[in-house]
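Below is the file data.cif, which contains mmCIF, C-alpha atoms.
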data_entry
#
loop_
_atom_site.label_atom_id
_atom_site.label_comp_id
_atom_site.auth_asym_id
_atom_site.auth_seq_id
_atom_site.Cartn_x
_atom_site.Cartn_y
_atom_site.Cartn_z
CA MET A 1 32.33 -14.03 -72.63
CA TYR A 2 33.72 -11.20 -74.75
CA LYS A 3 32.95 -8.62 -72.02
CA LEU A 4 34.71 -10.74 -69.38
CA SER A 5 37.81 -11.15 -71.54
CA TYR A 6 37.87 -7.42 -72.30
CA ARG A 7 37.51 -6.57 -68.59
CA LEU A 8 40.33 -8.95 -67.64
CA LYS A 9 42.62 -7.42 -70.25
CA LYS A 10 41.72 -3.93 -69.06
CA LEU A 11 42.27 -4.91 -65.43
CA SER A 12 45.60 -6.54 -66.32
CA LEU A 13 46.70 -3.40 -68.10
CA TYR A 14 45.81 -1.31 -65.05
CA TRP A 15 47.92 -3.59 -62.83
CA VAL A 16 50.88 -3.39 -65.20
CA VAL A 17 50.66 0.41 -65.31
CA ALA A 18 50.33 0.57 -61.52
CA LEU A 19 53.14 -1.88 -60.71
CA LEU A 20 55.69 -0.97 -63.37
CA PRO A 21 56.83 2.25 -61.62
CA LEU A 22 57.26 0.28 -58.38
CA PHE A 23 59.50 -2.17 -60.22
CA PHE A 24 61.74 0.65 -61.49
CA ILE A 25 61.87 2.29 -58.07
CA LYS A 26 62.89 -1.02 -56.50
CA MET A 27 65.60 -1.49 -59.14
CA ALA A 28 66.94 2.02 -58.53
CA LEU A 29 67.06 1.45 -54.79
CA ALA A 30 68.72 -1.93 -55.25
CA ASN A 31 71.45 -0.34 -57.37
CA ASN A 32 72.18 2.27 -54.68
CA THR A 33 72.68 -0.22 -51.86
CA ASN A 34 76.32 -0.76 -52.84
CA LEU A 35 77.18 2.93 -52.82
CA PRO A 36 79.31 4.16 -49.93
CA GLN A 37 77.33 5.70 -47.10
CA TYR A 38 78.56 8.28 -44.60
CA SER A 39 78.01 5.77 -41.81
CA ASP A 40 80.41 3.33 -43.53
CA TYR A 41 83.33 5.69 -42.82
CA PRO A 42 82.87 6.93 -39.26
CA ALA A 43 85.09 9.57 -37.70
CA VAL A 44 85.53 10.32 -34.03
CA VAL A 45 84.33 13.88 -33.39
CA LEU A 46 87.09 15.66 -31.49
CA CYS A 47 85.90 19.26 -31.64
CA LYS A 48 82.61 20.86 -32.60
CA THR A 49 83.30 24.54 -32.08
CA ALA A 50 85.52 26.98 -33.87
CA LYS A 51 88.60 28.14 -32.03
CA PRO A 52 91.39 30.54 -33.00
CA LEU A 53 93.93 28.82 -35.22
CA ASN A 54 97.42 29.67 -36.34
CA LEU A 55 97.57 28.11 -39.78
CA ASP A 56 100.48 25.73 -40.37
CA PHE A 57 101.56 25.55 -44.01
CA SER A 58 104.37 23.02 -43.41
CA GLU A 59 102.42 20.21 -45.10
CA ASN A 60 101.78 22.32 -48.19
CA LYS A 61 103.91 25.42 -48.80
CA GLN A 62 101.84 26.39 -51.85
CA ALA A 63 98.77 26.77 -49.63
CA ALA A 64 100.28 29.99 -48.25
CA VAL A 65 99.31 31.64 -51.55
CA PHE A 66 95.69 31.32 -50.38
CA ARG A 67 96.41 32.57 -46.86
CA THR A 68 93.52 35.11 -46.77
CA ARG A 69 90.95 32.60 -48.01
CA LEU A 70 92.22 29.93 -45.61
CA GLN A 71 92.25 32.27 -42.61
CA ALA A 72 88.60 33.10 -43.28
CA ALA A 73 87.76 29.38 -43.54
CA ALA A 74 89.67 28.61 -40.34
CA LYS A 75 87.12 30.68 -38.37
CA GLN A 76 84.39 28.18 -39.29
CA GLN A 77 83.35 25.22 -37.22
CA PRO A 78 84.79 21.81 -38.14
CA ASN A 79 82.55 20.12 -40.70
CA PHE A 80 84.43 17.03 -41.84
CA ALA A 81 86.08 13.85 -40.54
CA GLY A 82 85.95 14.60 -36.82
CA HIS A 83 88.01 17.77 -36.58
CA TYR A 84 88.65 19.17 -40.04
CA ILE A 85 87.31 22.19 -41.89
CA LEU A 86 86.61 21.42 -45.53
CA THR A 87 86.47 24.47 -47.77
CA SER A 88 86.70 25.27 -51.46
CA TRP A 89 86.66 28.22 -53.82
CA GLY A 90 86.66 28.88 -57.54
CA CYS A 91 89.92 29.78 -59.23
CA GLY A 92 88.91 30.35 -62.85
CA ALA A 93 87.23 28.44 -65.65
CA PHE A 94 87.15 24.69 -64.99
CA CYS A 95 89.06 25.25 -61.77
CA LYS A 96 88.08 24.75 -58.17
CA THR A 97 90.45 24.51 -55.24
CA ILE A 98 89.79 22.43 -52.17
CA ALA A 99 91.51 22.75 -48.80
CA ILE A 100 91.20 20.78 -45.60
CA ILE A 101 92.27 22.46 -42.37
CA ASP A 102 92.95 20.47 -39.22
CA ALA A 103 91.00 22.37 -36.56
CA GLU A 104 93.19 20.88 -33.82
CA THR A 105 96.65 21.69 -35.21
CA GLY A 106 96.03 24.34 -37.87
CA LYS A 107 97.77 22.25 -40.54
CA VAL A 108 96.51 22.97 -44.04
CA TYR A 109 96.16 20.24 -46.65
CA MET A 110 95.30 20.84 -50.28
CA PRO A 111 94.70 17.29 -51.37
CA VAL A 112 94.76 16.15 -54.94
CA PRO A 113 92.68 13.02 -55.39
CA ASN A 114 94.90 9.98 -55.88
CA ASP A 115 93.38 9.19 -59.25
CA SER A 116 93.40 11.60 -62.12
CA SER A 117 91.89 9.30 -64.73
CA TRP A 118 88.92 11.66 -65.07
CA GLU A 119 90.83 14.92 -64.74
CA ASN A 120 91.10 15.65 -68.49
CA TYR A 121 87.37 15.11 -68.83
CA LEU A 122 86.33 17.29 -65.90
CA VAL A 123 84.19 20.32 -66.71
CA GLY A 124 82.91 21.17 -63.26
CA TRP A 125 82.46 19.66 -59.84
CA SER A 126 81.06 20.20 -56.42
CA TYR A 127 80.94 18.17 -53.28
CA GLU A 128 78.00 17.10 -51.20
CA LYS A 129 77.74 18.59 -47.75
CA PRO A 130 80.48 16.95 -45.66
CA GLN A 131 79.64 15.43 -42.32
CA LEU A 132 81.58 15.99 -39.13
CA ASP A 133 81.17 12.36 -38.05
CA SER A 134 82.31 10.82 -41.35
CA LYS A 135 85.50 10.56 -43.41
CA LEU A 136 83.51 10.16 -46.63
CA LEU A 137 83.65 12.91 -49.27
CA VAL A 138 81.30 12.68 -52.26
CA ILE A 139 82.36 14.61 -55.36
CA ASN A 140 79.70 15.34 -57.99
CA ALA A 141 81.68 15.59 -61.22
CA GLN A 142 80.46 16.88 -64.55
CA LEU A 143 82.50 15.17 -67.26
CA THR A 144 82.73 15.50 -71.02
CA THR A 145 82.69 12.42 -73.24
CA ALA A 146 85.93 13.56 -74.94
CA PRO A 147 89.11 15.09 -73.47
CA ARG A 148 88.91 18.80 -72.64
CA SER A 149 91.75 19.49 -75.10
CA ASN A 150 89.10 19.02 -77.78
CA VAL A 151 87.31 22.40 -77.76
CA ASN A 152 84.13 20.84 -79.14
CA SER A 153 83.92 18.55 -76.11
CA LEU A 154 82.99 21.57 -73.97
CA LYS A 155 79.69 21.78 -75.83
CA GLY A 156 78.66 18.37 -74.53
CA PRO A 157 77.29 15.84 -74.22
CA PHE A 158 78.09 15.62 -70.54
CA ARG A 159 77.76 12.87 -68.00
CA TYR A 160 77.52 13.21 -64.26
CA ASN A 161 79.34 10.94 -61.86
CA GLU A 162 79.52 10.67 -58.12
CA ILE A 163 83.08 9.92 -57.10
CA TYR A 164 83.68 8.70 -53.56
CA TYR A 165 86.74 9.42 -51.43
CA LYS A 166 87.72 8.79 -47.84
CA TRP A 167 90.04 11.01 -45.85
CA GLU A 168 92.89 8.77 -44.75
CA ASN A 169 96.44 9.63 -43.67
CA ASN A 170 95.88 13.26 -44.63
CA GLN A 171 94.92 12.52 -48.22
CA LEU A 172 91.83 11.72 -50.25
CA VAL A 173 91.74 8.07 -51.29
CA ARG A 174 89.25 6.96 -53.94
CA ILE A 175 86.78 4.33 -52.80
CA GLN A 176 85.11 3.36 -56.11
#

Exercise: express the given structure as structure tokens:
Amino acid sequence: MYKLSYRLKKLSLYWVVALLPLFFIKMALANNTNLPQYSDYPAVVLCKTAKPLNLDFSENKQAAVFRTRLQAAAKQQPNFAGHYILTSWGCGAFCKTIAIIDAETGKVYMPVPNDSSWENYLVGWSYEKPQLDSKLLVINAQLTTAPRSNVNSLKGPFRYNEIYYKWENNQLVRIQ
């Protein structure tokens, strides 16, 4: 009787150890089902190849300061939202500039996300590879737990957030 009870306990423990990771994987997948997907924000692909562009700075006069960088980017193939070229470059500590070039018209947009609630906490960011057939832009932000004005906050701890935007009416609009 004792051996049977011991074997059942041992077998039960094996099942718990084997099934527990599956439970956590299922929970993680369940939590991600509500996240925006590229397919949720489709874009009609209008052009797939690079063509010579005359850049139009009428939408953003300040973009002309980055003329050389933008002219180099304009030679690339569209990579975002149907017919746009999404590009970025570093501009100093805690600074990164993003530009979106319309590959059909040459208009240059330098969008500022429509929410700056996290801006004072931002230490660094990058974006996931954009997709030509989607208007979704996923920003991977590294944030401090205290405002950047506090020098000690730059030592951490940090948290990482994915921030979701859609390209709409020539601006980035936050989704979540």

Contacts of A:Gly124 within 8 Å, all atoms listed in the file, excl. fewer than 4 positions in-chain, as a PDB file with C-alpha atoms, in the frame of the given file:
ATOM      1  CA  PHE A  94      87.150  24.690 -64.990  1.00  0.00           C
ATOM      2  CA  CYS A  95      89.060  25.250 -61.770  1.00  0.00           C
ATOM      3  CA  ALA A 141      81.680  15.590 -61.220  1.00  0.00           C
ATOM      4  CA  GLN A 142      80.460  16.880 -64.550  1.00  0.00           C
ATOM      5  CA  LEU A 143      82.500  15.170 -67.260  1.00  0.00           C
TER       6      LEU A 143
END

How many Å separate atom CA of A:Cys47 from atom CA of A:Val112?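 Going from atom CA of A:Cys47 over to atom CA of A:Val112, I get 25.1 Å.
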
Residue with smallest distance to A:Ala74 - pool A:Thr49, A:Asn170, A:Thr97, A:Ser58, counting only C-alpha atoms: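 Closest candidate: A:Thr49.
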
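Take the candidates A:Leu132, A:Val45, A:Ala103, A:Val138 and check each one against A:Ala73 using only C-alpha atoms; the shortest distance goes to A:Ala103.
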
Taking only C-alpha atoms into account, which of A:Gln62, A:Ser39, A:Thr87, A:Asn161 comes nearest A:Lys129? A:Thr87

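Taking only C-alpha atoms into account, A:Tyr84 lies nearest to A:Gly106 out of the set A:Pro111, A:Pro157, A:Gly106, A:Pro36.
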
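Between atom CA of A:Pro42 and atom CA of A:Asp133 the interatomic distance comes to 5.8 Å.
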
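Proximity of A:Asn60, A:Thr144, A:Ser134, A:Asn34 to A:Ile100, computed with only C-alpha atoms, is greatest for A:Asn60.
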
Near-A:Ile101 list (12 Å; all atoms listed in the file; drop same-chain fewer than 6 positions) as an mmCIF file with C-alpha atoms, in the coordinates of the input:
data_model
loop_
_atom_site.group_PDB
_atom_site.id
_atom_site.type_symbol
_atom_site.label_atom_id
_atom_site.label_comp_id
_atom_site.auth_asym_id
_atom_site.auth_seq_id
_atom_site.Cartn_x
_atom_site.Cartn_y
_atom_site.Cartn_z
ATOM 1 C CA ALA A 50 85.520 26.980 -33.870
ATOM 2 C CA LEU A 53 93.930 28.820 -35.220
ATOM 3 C CA ASN A 54 97.420 29.670 -36.340
ATOM 4 C CA LEU A 55 97.570 28.110 -39.780
ATOM 5 C CA ASP A 56 100.480 25.730 -40.370
ATOM 6 C CA PHE A 57 101.560 25.550 -44.010
ATOM 7 C CA GLU A 59 102.420 20.210 -45.100
ATOM 8 C CA ASN A 60 101.780 22.320 -48.190
ATOM 9 C CA ALA A 63 98.770 26.770 -49.630
ATOM 10 C CA ARG A 67 96.410 32.570 -46.860
ATOM 11 C CA ARG A 69 90.950 32.600 -48.010
ATOM 12 C CA LEU A 70 92.220 29.930 -45.610
ATOM 13 C CA GLN A 71 92.250 32.270 -42.610
ATOM 14 C CA ALA A 72 88.600 33.100 -43.280
ATOM 15 C CA ALA A 73 87.760 29.380 -43.540
ATOM 16 C CA ALA A 74 89.670 28.610 -40.340
ATOM 17 C CA LYS A 75 87.120 30.680 -38.370
ATOM 18 C CA GLN A 76 84.390 28.180 -39.290
ATOM 19 C CA GLN A 77 83.350 25.220 -37.220
ATOM 20 C CA PRO A 78 84.790 21.810 -38.140
ATOM 21 C CA ASN A 79 82.550 20.120 -40.700
ATOM 22 C CA PHE A 80 84.430 17.030 -41.840
ATOM 23 C CA ALA A 81 86.080 13.850 -40.540
ATOM 24 C CA GLY A 82 85.950 14.600 -36.820
ATOM 25 C CA HIS A 83 88.010 17.770 -36.580
ATOM 26 C CA TYR A 84 88.650 19.170 -40.040
ATOM 27 C CA ILE A 85 87.310 22.190 -41.890
ATOM 28 C CA LEU A 86 86.610 21.420 -45.530
ATOM 29 C CA THR A 87 86.470 24.470 -47.770
ATOM 30 C CA SER A 88 86.700 25.270 -51.460
ATOM 31 C CA LYS A 107 97.770 22.250 -40.540
ATOM 32 C CA VAL A 108 96.510 22.970 -44.040
ATOM 33 C CA TYR A 109 96.160 20.240 -46.650
ATOM 34 C CA MET A 110 95.300 20.840 -50.280
ATOM 35 C CA PRO A 111 94.700 17.290 -51.370
ATOM 36 C CA ASN A 170 95.880 13.260 -44.630
ATOM 37 C CA GLN A 171 94.920 12.520 -48.220
#

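Between atom CA of A:Gly92 and atom CA of A:Lys61 lies a distance of 21.1 Å.
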